[in-house]
>>> print(open('start_1.cif').read())   # mmCIF, N, CA and C atoms
data_input
loop_
_atom_site.group_PDB
_atom_site.id
_atom_site.type_symbol
_atom_site.label_atom_id
_atom_site.label_comp_id
_atom_site.auth_asym_id
_atom_site.auth_seq_id
_atom_site.Cartn_x
_atom_site.Cartn_y
_atom_site.Cartn_z
ATOM 1 N N MET A 25 0.847 -1.179 0.000
ATOM 2 C CA MET A 25 0.000 0.000 0.000
ATOM 3 C C MET A 25 0.890 1.239 0.000
ATOM 4 N N THR A 26 0.560 2.207 -0.811
ATOM 5 C CA THR A 26 1.354 3.424 -0.887
ATOM 6 C C THR A 26 0.843 4.445 0.111
ATOM 7 N N SER A 27 1.749 5.263 0.582
ATOM 8 C CA SER A 27 1.407 6.297 1.547
ATOM 9 C C SER A 27 0.944 7.551 0.813
ATOM 10 N N CYS A 28 -0.011 8.247 1.398
ATOM 11 C CA CYS A 28 -0.508 9.478 0.777
ATOM 12 C C CYS A 28 0.028 10.712 1.499
ATOM 13 N N ARG A 29 1.074 10.555 2.286
ATOM 14 C CA ARG A 29 1.660 11.687 3.015
ATOM 15 C C ARG A 29 2.251 12.692 2.055
ATOM 16 N N PHE A 30 2.081 13.950 2.373
ATOM 17 C CA PHE A 30 2.708 15.020 1.615
ATOM 18 C C PHE A 30 4.038 15.370 2.262
ATOM 19 N N ASP A 31 4.997 15.725 1.453
ATOM 20 C CA ASP A 31 6.317 16.045 1.976
ATOM 21 C C ASP A 31 6.351 17.362 2.750
ATOM 22 N N ASN A 32 5.344 18.193 2.562
ATOM 23 C CA ASN A 32 5.346 19.490 3.228
ATOM 24 C C ASN A 32 4.631 19.473 4.587
ATOM 25 N N TRP A 33 4.276 18.306 5.078
ATOM 26 C CA TRP A 33 3.601 18.202 6.369
ATOM 27 C C TRP A 33 4.548 17.527 7.340
ATOM 28 N N ASP A 34 5.129 18.330 8.199
ATOM 29 C CA ASP A 34 6.115 17.858 9.166
ATOM 30 C C ASP A 34 5.457 16.929 10.183
ATOM 31 N N THR A 35 6.154 15.885 10.580
ATOM 32 C CA THR A 35 5.575 14.938 11.538
ATOM 33 C C THR A 35 5.325 15.593 12.900
ATOM 34 N N LEU A 36 6.141 16.556 13.293
ATOM 35 C CA LEU A 36 5.904 17.265 14.544
ATOM 36 C C LEU A 36 4.588 18.038 14.474
ATOM 37 N N SER A 37 4.345 18.682 13.358
ATOM 38 C CA SER A 37 3.075 19.401 13.178
ATOM 39 C C SER A 37 1.898 18.440 13.260
ATOM 40 N N GLU A 38 2.052 17.292 12.627
ATOM 41 C CA GLU A 38 1.000 16.278 12.667
ATOM 42 C C GLU A 38 0.737 15.829 14.102
ATOM 43 N N GLU A 39 1.781 15.598 14.860
ATOM 44 C CA GLU A 39 1.634 15.180 16.254
ATOM 45 C C GLU A 39 0.934 16.245 17.092
ATOM 46 N N ILE A 40 1.289 17.498 16.864
ATOM 47 C CA ILE A 40 0.676 18.593 17.623
ATOM 48 C C ILE A 40 -0.812 18.692 17.323
ATOM 49 N N VAL A 41 -1.163 18.588 16.046
ATOM 50 C CA VAL A 41 -2.582 18.635 15.670
ATOM 51 C C VAL A 41 -3.316 17.440 16.276
ATOM 52 N N ASN A 42 -2.709 16.260 16.254
ATOM 53 C CA ASN A 42 -3.337 15.079 16.849
ATOM 54 C C ASN A 42 -3.559 15.263 18.349
ATOM 55 N N LYS A 43 -2.602 15.863 19.037
ATOM 56 C CA LYS A 43 -2.765 16.122 20.478
ATOM 57 C C LYS A 43 -3.916 17.093 20.720
ATOM 58 N N GLN A 44 -4.030 18.114 19.856
ATOM 59 C CA GLN A 44 -5.120 19.076 20.007
ATOM 60 C C GLN A 44 -6.474 18.415 19.757
ATOM 61 N N ILE A 45 -6.528 17.510 18.794
ATOM 62 C CA ILE A 45 -7.767 16.760 18.544
ATOM 63 C C ILE A 45 -8.150 15.974 19.792
ATOM 64 N N THR A 46 -7.176 15.336 20.422
ATOM 65 C CA THR A 46 -7.424 14.576 21.644
ATOM 66 C C THR A 46 -7.952 15.485 22.748
ATOM 67 N N ILE A 47 -7.367 16.658 22.878
ATOM 68 C CA ILE A 47 -7.810 17.613 23.904
ATOM 69 C C ILE A 47 -9.243 18.063 23.641
ATOM 70 N N GLU A 48 -9.567 18.332 22.372
ATOM 71 C CA GLU A 48 -10.924 18.769 22.028
ATOM 72 C C GLU A 48 -11.945 17.677 22.368
ATOM 73 N N TYR A 49 -11.619 16.410 22.046
ATOM 74 C CA TYR A 49 -12.527 15.320 22.390
ATOM 75 C C TYR A 49 -12.629 15.140 23.904
ATOM 76 N N TRP A 50 -11.528 15.300 24.617
ATOM 77 C CA TRP A 50 -11.558 15.187 26.075
ATOM 78 C C TRP A 50 -12.468 16.266 26.661
ATOM 79 N N ALA A 51 -12.332 17.499 26.176
ATOM 80 C CA ALA A 51 -13.178 18.591 26.661
ATOM 81 C C ALA A 51 -14.645 18.307 26.340
ATOM 82 N N SER A 52 -14.905 17.794 25.147
ATOM 83 C CA SER A 52 -16.277 17.448 24.769
ATOM 84 C C SER A 52 -16.855 16.414 25.726
ATOM 85 N N LEU A 53 -16.064 15.424 26.074
ATOM 86 C CA LEU A 53 -16.524 14.397 27.004
ATOM 87 C C LEU A 53 -16.808 14.988 28.387
ATOM 88 N N GLN A 54 -15.946 15.878 28.849
ATOM 89 C CA GLN A 54 -16.158 16.503 30.161
ATOM 90 C C GLN A 54 -17.456 17.313 30.175
ATOM 91 N N TYR A 55 -17.668 18.106 29.130
ATOM 92 C CA TYR A 55 -18.910 18.878 29.036
ATOM 93 C C TYR A 55 -20.121 17.956 28.938
ATOM 94 N N HIS A 56 -19.973 16.840 28.231
ATOM 95 C CA HIS A 56 -21.077 15.894 28.090
ATOM 96 C C HIS A 56 -21.447 15.287 29.449
ATOM 97 N N MET A 57 -20.435 14.983 30.245
ATOM 98 C CA MET A 57 -20.715 14.449 31.589
ATOM 99 C C MET A 57 -21.401 15.501 32.465
ATOM 100 N N MET A 58 -20.993 16.768 32.315
ATOM 101 C CA MET A 58 -21.645 17.832 33.075
ATOM 102 C C MET A 58 -23.100 17.975 32.636
ATOM 103 N N TRP A 59 -23.336 17.885 31.334
ATOM 104 C CA TRP A 59 -24.714 17.922 30.830
ATOM 105 C C TRP A 59 -25.529 16.795 31.454
ATOM 106 N N SER A 60 -24.946 15.597 31.457
ATOM 107 C CA SER A 60 -25.647 14.436 31.999
ATOM 108 C C SER A 60 -26.022 14.651 33.468
ATOM 109 N N TYR A 61 -25.117 15.227 34.225
ATOM 110 C CA TYR A 61 -25.398 15.469 35.650
ATOM 111 C C TYR A 61 -26.537 16.476 35.820
ATOM 112 N N PHE A 62 -26.436 17.620 35.158
ATOM 113 C CA PHE A 62 -27.436 18.670 35.350
ATOM 114 C C PHE A 62 -28.780 18.339 34.710
ATOM 115 N N ASP A 63 -28.800 17.368 33.812
ATOM 116 C CA ASP A 63 -30.050 16.962 33.161
ATOM 117 C C ASP A 63 -30.818 15.927 33.986
ATOM 118 N N ARG A 64 -30.216 15.409 35.033
ATOM 119 C CA ARG A 64 -30.879 14.397 35.866
ATOM 120 C C ARG A 64 -32.158 14.960 36.481
ATOM 121 N N SER A 65 -33.126 14.085 36.701
ATOM 122 C CA SER A 65 -34.412 14.536 37.245
ATOM 123 C C SER A 65 -34.298 15.040 38.681
ATOM 124 N N ASP A 66 -33.327 14.517 39.442
ATOM 125 C CA ASP A 66 -33.189 14.979 40.831
ATOM 126 C C ASP A 66 -32.335 16.240 40.941
ATOM 127 N N VAL A 67 -31.702 16.667 39.850
ATOM 128 C CA VAL A 67 -30.953 17.923 39.843
ATOM 129 C C VAL A 67 -31.782 18.975 39.121
ATOM 130 N N GLY A 68 -32.196 18.656 37.909
ATOM 131 C CA GLY A 68 -33.189 19.448 37.189
ATOM 132 C C GLY A 68 -32.807 20.875 36.851
ATOM 133 N N LEU A 69 -31.575 21.133 36.489
ATOM 134 C CA LEU A 69 -31.175 22.469 36.061
ATOM 135 C C LEU A 69 -31.022 22.453 34.540
ATOM 136 N N LYS A 70 -32.160 22.521 33.863
ATOM 137 C CA LYS A 70 -32.212 22.309 32.412
ATOM 138 C C LYS A 70 -31.410 23.355 31.628
ATOM 139 N N ASN A 71 -31.443 24.609 32.044
ATOM 140 C CA ASN A 71 -30.697 25.641 31.302
ATOM 141 C C ASN A 71 -29.193 25.423 31.398
ATOM 142 N N ILE A 72 -28.735 25.046 32.566
ATOM 143 C CA ILE A 72 -27.312 24.753 32.735
ATOM 144 C C ILE A 72 -26.950 23.499 31.944
ATOM 145 N N ALA A 73 -27.836 22.509 31.968
ATOM 146 C CA ALA A 73 -27.605 21.278 31.200
ATOM 147 C C ALA A 73 -27.469 21.603 29.713
ATOM 148 N N GLU A 74 -28.336 22.442 29.201
ATOM 149 C CA GLU A 74 -28.274 22.803 27.779
ATOM 150 C C GLU A 74 -26.988 23.557 27.441
ATOM 151 N N PHE A 75 -26.523 24.396 28.360
ATOM 152 C CA PHE A 75 -25.256 25.090 28.140
ATOM 153 C C PHE A 75 -24.117 24.090 27.953
ATOM 154 N N PHE A 76 -24.059 23.097 28.829
ATOM 155 C CA PHE A 76 -22.994 22.107 28.734
ATOM 156 C C PHE A 76 -23.156 21.211 27.510
ATOM 157 N N LYS A 77 -24.377 20.934 27.122
ATOM 158 C CA LYS A 77 -24.612 20.138 25.915
ATOM 159 C C LYS A 77 -24.102 20.885 24.682
ATOM 160 N N LYS A 78 -24.410 22.170 24.589
ATOM 161 C CA LYS A 78 -23.929 22.971 23.457
ATOM 162 C C LYS A 78 -22.409 23.092 23.475
ATOM 163 N N SER A 79 -21.845 23.225 24.654
ATOM 164 C CA SER A 79 -20.385 23.303 24.776
ATOM 165 C C SER A 79 -19.734 22.004 24.312
ATOM 166 N N SER A 80 -20.341 20.888 24.657
ATOM 167 C CA SER A 80 -19.820 19.591 24.233
ATOM 168 C C SER A 80 -19.835 19.473 22.713
ATOM 169 N N GLU A 81 -20.938 19.867 22.109
ATOM 170 C CA GLU A 81 -21.053 19.802 20.650
ATOM 171 C C GLU A 81 -20.045 20.728 19.971
ATOM 172 N N GLU A 82 -19.813 21.893 20.552
ATOM 173 C CA GLU A 82 -18.853 22.844 19.988
ATOM 174 C C GLU A 82 -17.430 22.275 20.015
ATOM 175 N N GLU A 83 -17.059 21.665 21.121
ATOM 176 C CA GLU A 83 -15.719 21.073 21.210
ATOM 177 C C GLU A 83 -15.551 19.931 20.218
ATOM 178 N N ARG A 84 -16.602 19.146 20.032
ATOM 179 C CA ARG A 84 -16.553 18.054 19.063
ATOM 180 C C ARG A 84 -16.415 18.602 17.635
ATOM 181 N N GLU A 85 -17.086 19.733 17.358
ATOM 182 C CA GLU A 85 -16.939 20.378 16.048
ATOM 183 C C GLU A 85 -15.495 20.835 15.827
ATOM 184 N N HIS A 86 -14.867 21.357 16.873
ATOM 185 C CA HIS A 86 -13.458 21.764 16.759
ATOM 186 C C HIS A 86 -12.595 20.566 16.375
ATOM 187 N N ALA A 87 -12.829 19.438 17.050
ATOM 188 C CA ALA A 87 -12.055 18.223 16.744
ATOM 189 C C ALA A 87 -12.276 17.794 15.301
ATOM 190 N N HIS A 88 -13.520 17.858 14.838
ATOM 191 C CA HIS A 88 -13.809 17.444 13.464
ATOM 192 C C HIS A 88 -13.129 18.358 12.445
ATOM 193 N N LYS A 89 -13.118 19.650 12.727
ATOM 194 C CA LYS A 89 -12.447 20.583 11.814
ATOM 195 C C LYS A 89 -10.945 20.311 11.754
ATOM 196 N N LEU A 90 -10.358 20.036 12.903
ATOM 197 C CA LEU A 90 -8.936 19.705 12.924
ATOM 198 C C LEU A 90 -8.656 18.395 12.196
ATOM 199 N N MET A 91 -9.563 17.435 12.330
ATOM 200 C CA MET A 91 -9.394 16.171 11.619
ATOM 201 C C MET A 91 -9.498 16.365 10.107
ATOM 202 N N GLU A 92 -10.422 17.213 9.680
ATOM 203 C CA GLU A 92 -10.533 17.508 8.252
ATOM 204 C C GLU A 92 -9.263 18.171 7.743
ATOM 205 N N TYR A 93 -8.720 19.097 8.523
ATOM 206 C CA TYR A 93 -7.468 19.753 8.134
ATOM 207 C C TYR A 93 -6.323 18.743 8.066
ATOM 208 N N GLN A 94 -6.268 17.876 9.064
ATOM 209 C CA GLN A 94 -5.238 16.843 9.081
ATOM 210 C C GLN A 94 -5.337 15.945 7.844
ATOM 211 N N ASN A 95 -6.556 15.601 7.468
ATOM 212 C CA ASN A 95 -6.767 14.760 6.290
ATOM 213 C C ASN A 95 -6.367 15.481 5.004
ATOM 214 N N LEU A 96 -6.618 16.776 4.948
ATOM 215 C CA LEU A 96 -6.208 17.553 3.764
ATOM 216 C C LEU A 96 -4.690 17.556 3.603
ATOM 217 N N ARG A 97 -4.003 17.569 4.728
ATOM 218 C CA ARG A 97 -2.548 17.623 4.706
ATOM 219 C C ARG A 97 -1.905 16.252 4.534
ATOM 220 N N GLY A 98 -2.710 15.213 4.573
ATOM 221 C CA GLY A 98 -2.181 13.876 4.396
ATOM 222 C C GLY A 98 -1.767 13.212 5.688
ATOM 223 N N GLY A 99 -2.160 13.789 6.803
ATOM 224 C CA GLY A 99 -1.787 13.236 8.097
ATOM 225 C C GLY A 99 -2.656 12.084 8.490
#
>>> encode(input="start_1.cif", output="structure tokens")
Amino acid sequence: MTSCRFDNWDTLSEEIVNKQITIEYWASLQYHMMWSYFDRSDVGLKNIAEFFKKSSEEEREHAHKLMEYQNLRGG
């Protein structure tokens, strides 16, 4: 199988972008857990829950954008 790596994409840059993707997914997971807690029936803070749900989705979008960029560069 041939590699589709581009010569202009440094491996250090690729590693840094991959670490940032990991951080974005980690943040998304943390916000998702906060949403889950505040959405519980015995806590019932729906507005706060929605804030964390939107924050989780936003962080996941950041990760997806970075992944698309990484794919464009051949990483």
>>> atom_distance(input="start_1.cif", atom1="CA of Glu81 (chain A)", atom2="CA of Ile45 (chain A)")
13.8 Å
>>> closest_residue(input="start_1.cif", among="A:Ser52, A:Gln94, A:Ser60, A:Gln44", to="Ser80 (chain A)", atoms="all atoms listed in the file")
A:Ser52
>>> residues_around(input="start_1.cif", residues="Phe76 (chain A)", least_positions_apart="6", cutoff="6 Å", atoms="only N, CA and C atoms", output="list of chain:residue names")
A:Tyr55, A:His56, A:Met58, A:Trp59
>>> atom_distance(input="start_1.cif", atom1="atom C of Gly98 (chain A)", atom2="atom N of Glu85 (chain A)")
20.3 Å
>>> axis_aligned_box(input="start_1.cif", around="region 70-83 of chain A", padding_each_side="5 Å", output="lines of an AutoDock Vina configuration file")
center_x = -23.9
center_y = 22.6
center_z = 26.9
size_x = 26.7
size_y = 16.2
size_z = 23.9
>>> closest_residue(input="start_1.cif", among="A:Met91, A:Arg97, A:Gln54, A:Arg64", to="Ser79 (chain A)", atoms="only N, CA and C atoms")
A:Gln54
>>> atom_distance(input="start_1.cif", atom1="CA of Glu82 (chain A)", atom2="CA of Ser65 (chain A)")
24.7 Å
>>> select_by_dssp(input="start_1.cif", residues="chain A", states="helix (DSSP H, G or I)", output="MDAnalysis selection string")
chainID A and resid 35:62 70:97
>>> residues_near_point(input="start_1.cif", point="(-9.4, 17.3, 17.5)", cutoff="7 Å", atoms="only N, CA and C atoms", output="list in words")
Val41, Asn42, Lys43, Gln44, Ile45, Thr46, Ile47, Glu48, Tyr49, His86, Ala87, His88, Lys89, Leu90 and Met91 of chain A
>>> decode(input="start_1.cif", residues="region 28-95 of chain A", atoms="C-alpha atoms", output="PDB file, in the first residue's frame")
ATOM      1  CA  CYS A  28      -0.508   9.478   0.777  1.00  0.00           C
ATOM      2  CA  ARG A  29       1.660  11.687   3.015  1.00  0.00           C
ATOM      3  CA  PHE A  30       2.708  15.020   1.615  1.00  0.00           C
ATOM      4  CA  ASP A  31       6.317  16.045   1.976  1.00  0.00           C
ATOM      5  CA  ASN A  32       5.346  19.490   3.228  1.00  0.00           C
ATOM      6  CA  TRP A  33       3.601  18.202   6.369  1.00  0.00           C
ATOM      7  CA  ASP A  34       6.115  17.858   9.166  1.00  0.00           C
ATOM      8  CA  THR A  35       5.575  14.938  11.538  1.00  0.00           C
ATOM      9  CA  LEU A  36       5.904  17.265  14.544  1.00  0.00           C
ATOM     10  CA  SER A  37       3.075  19.401  13.178  1.00  0.00           C
ATOM     11  CA  GLU A  38       1.000  16.278  12.667  1.00  0.00           C
ATOM     12  CA  GLU A  39       1.634  15.180  16.254  1.00  0.00           C
ATOM     13  CA  ILE A  40       0.676  18.593  17.623  1.00  0.00           C
ATOM     14  CA  VAL A  41      -2.582  18.635  15.670  1.00  0.00           C
ATOM     15  CA  ASN A  42      -3.337  15.079  16.849  1.00  0.00           C
ATOM     16  CA  LYS A  43      -2.765  16.122  20.478  1.00  0.00           C
ATOM     17  CA  GLN A  44      -5.120  19.076  20.007  1.00  0.00           C
ATOM     18  CA  ILE A  45      -7.767  16.760  18.544  1.00  0.00           C
ATOM     19  CA  THR A  46      -7.424  14.576  21.644  1.00  0.00           C
ATOM     20  CA  ILE A  47      -7.810  17.613  23.904  1.00  0.00           C
ATOM     21  CA  GLU A  48     -10.924  18.769  22.028  1.00  0.00           C
ATOM     22  CA  TYR A  49     -12.527  15.320  22.390  1.00  0.00           C
ATOM     23  CA  TRP A  50     -11.558  15.187  26.075  1.00  0.00           C
ATOM     24  CA  ALA A  51     -13.178  18.591  26.661  1.00  0.00           C
ATOM     25  CA  SER A  52     -16.277  17.448  24.769  1.00  0.00           C
ATOM     26  CA  LEU A  53     -16.524  14.397  27.004  1.00  0.00           C
ATOM     27  CA  GLN A  54     -16.158  16.503  30.161  1.00  0.00           C
ATOM     28  CA  TYR A  55     -18.910  18.878  29.036  1.00  0.00           C
ATOM     29  CA  HIS A  56     -21.077  15.894  28.090  1.00  0.00           C
ATOM     30  CA  MET A  57     -20.715  14.449  31.589  1.00  0.00           C
ATOM     31  CA  MET A  58     -21.645  17.832  33.075  1.00  0.00           C
ATOM     32  CA  TRP A  59     -24.714  17.922  30.830  1.00  0.00           C
ATOM     33  CA  SER A  60     -25.647  14.436  31.999  1.00  0.00           C
ATOM     34  CA  TYR A  61     -25.398  15.469  35.650  1.00  0.00           C
ATOM     35  CA  PHE A  62     -27.436  18.670  35.350  1.00  0.00           C
ATOM     36  CA  ASP A  63     -30.050  16.962  33.161  1.00  0.00           C
ATOM     37  CA  ARG A  64     -30.879  14.397  35.866  1.00  0.00           C
ATOM     38  CA  SER A  65     -34.412  14.536  37.245  1.00  0.00           C
ATOM     39  CA  ASP A  66     -33.189  14.979  40.831  1.00  0.00           C
ATOM     40  CA  VAL A  67     -30.953  17.923  39.843  1.00  0.00           C
ATOM     41  CA  GLY A  68     -33.189  19.448  37.189  1.00  0.00           C
ATOM     42  CA  LEU A  69     -31.175  22.469  36.061  1.00  0.00           C
ATOM     43  CA  LYS A  70     -32.212  22.309  32.412  1.00  0.00           C
ATOM     44  CA  ASN A  71     -30.697  25.641  31.302  1.00  0.00           C
ATOM     45  CA  ILE A  72     -27.312  24.753  32.735  1.00  0.00           C
ATOM     46  CA  ALA A  73     -27.605  21.278  31.200  1.00  0.00           C
ATOM     47  CA  GLU A  74     -28.274  22.803  27.779  1.00  0.00           C
ATOM     48  CA  PHE A  75     -25.256  25.090  28.140  1.00  0.00           C
ATOM     49  CA  PHE A  76     -22.994  22.107  28.734  1.00  0.00           C
ATOM     50  CA  LYS A  77     -24.612  20.138  25.915  1.00  0.00           C
ATOM     51  CA  LYS A  78     -23.929  22.971  23.457  1.00  0.00           C
ATOM     52  CA  SER A  79     -20.385  23.303  24.776  1.00  0.00           C
ATOM     53  CA  SER A  80     -19.820  19.591  24.233  1.00  0.00           C
ATOM     54  CA  GLU A  81     -21.053  19.802  20.650  1.00  0.00           C
ATOM     55  CA  GLU A  82     -18.853  22.844  19.988  1.00  0.00           C
ATOM     56  CA  GLU A  83     -15.719  21.073  21.210  1.00  0.00           C
ATOM     57  CA  ARG A  84     -16.553  18.054  19.063  1.00  0.00           C
ATOM     58  CA  GLU A  85     -16.939  20.378  16.048  1.00  0.00           C
ATOM     59  CA  HIS A  86     -13.458  21.764  16.759  1.00  0.00           C
ATOM     60  CA  ALA A  87     -12.055  18.223  16.744  1.00  0.00           C
ATOM     61  CA  HIS A  88     -13.809  17.444  13.464  1.00  0.00           C
ATOM     62  CA  LYS A  89     -12.447  20.583  11.814  1.00  0.00           C
ATOM     63  CA  LEU A  90      -8.936  19.705  12.924  1.00  0.00           C
ATOM     64  CA  MET A  91      -9.394  16.171  11.619  1.00  0.00           C
ATOM     65  CA  GLU A  92     -10.533  17.508   8.252  1.00  0.00           C
ATOM     66  CA  TYR A  93      -7.468  19.753   8.134  1.00  0.00           C
ATOM     67  CA  GLN A  94      -5.238  16.843   9.081  1.00  0.00           C
ATOM     68  CA  ASN A  95      -6.767  14.760   6.290  1.00  0.00           C
TER      69      ASN A  95
END
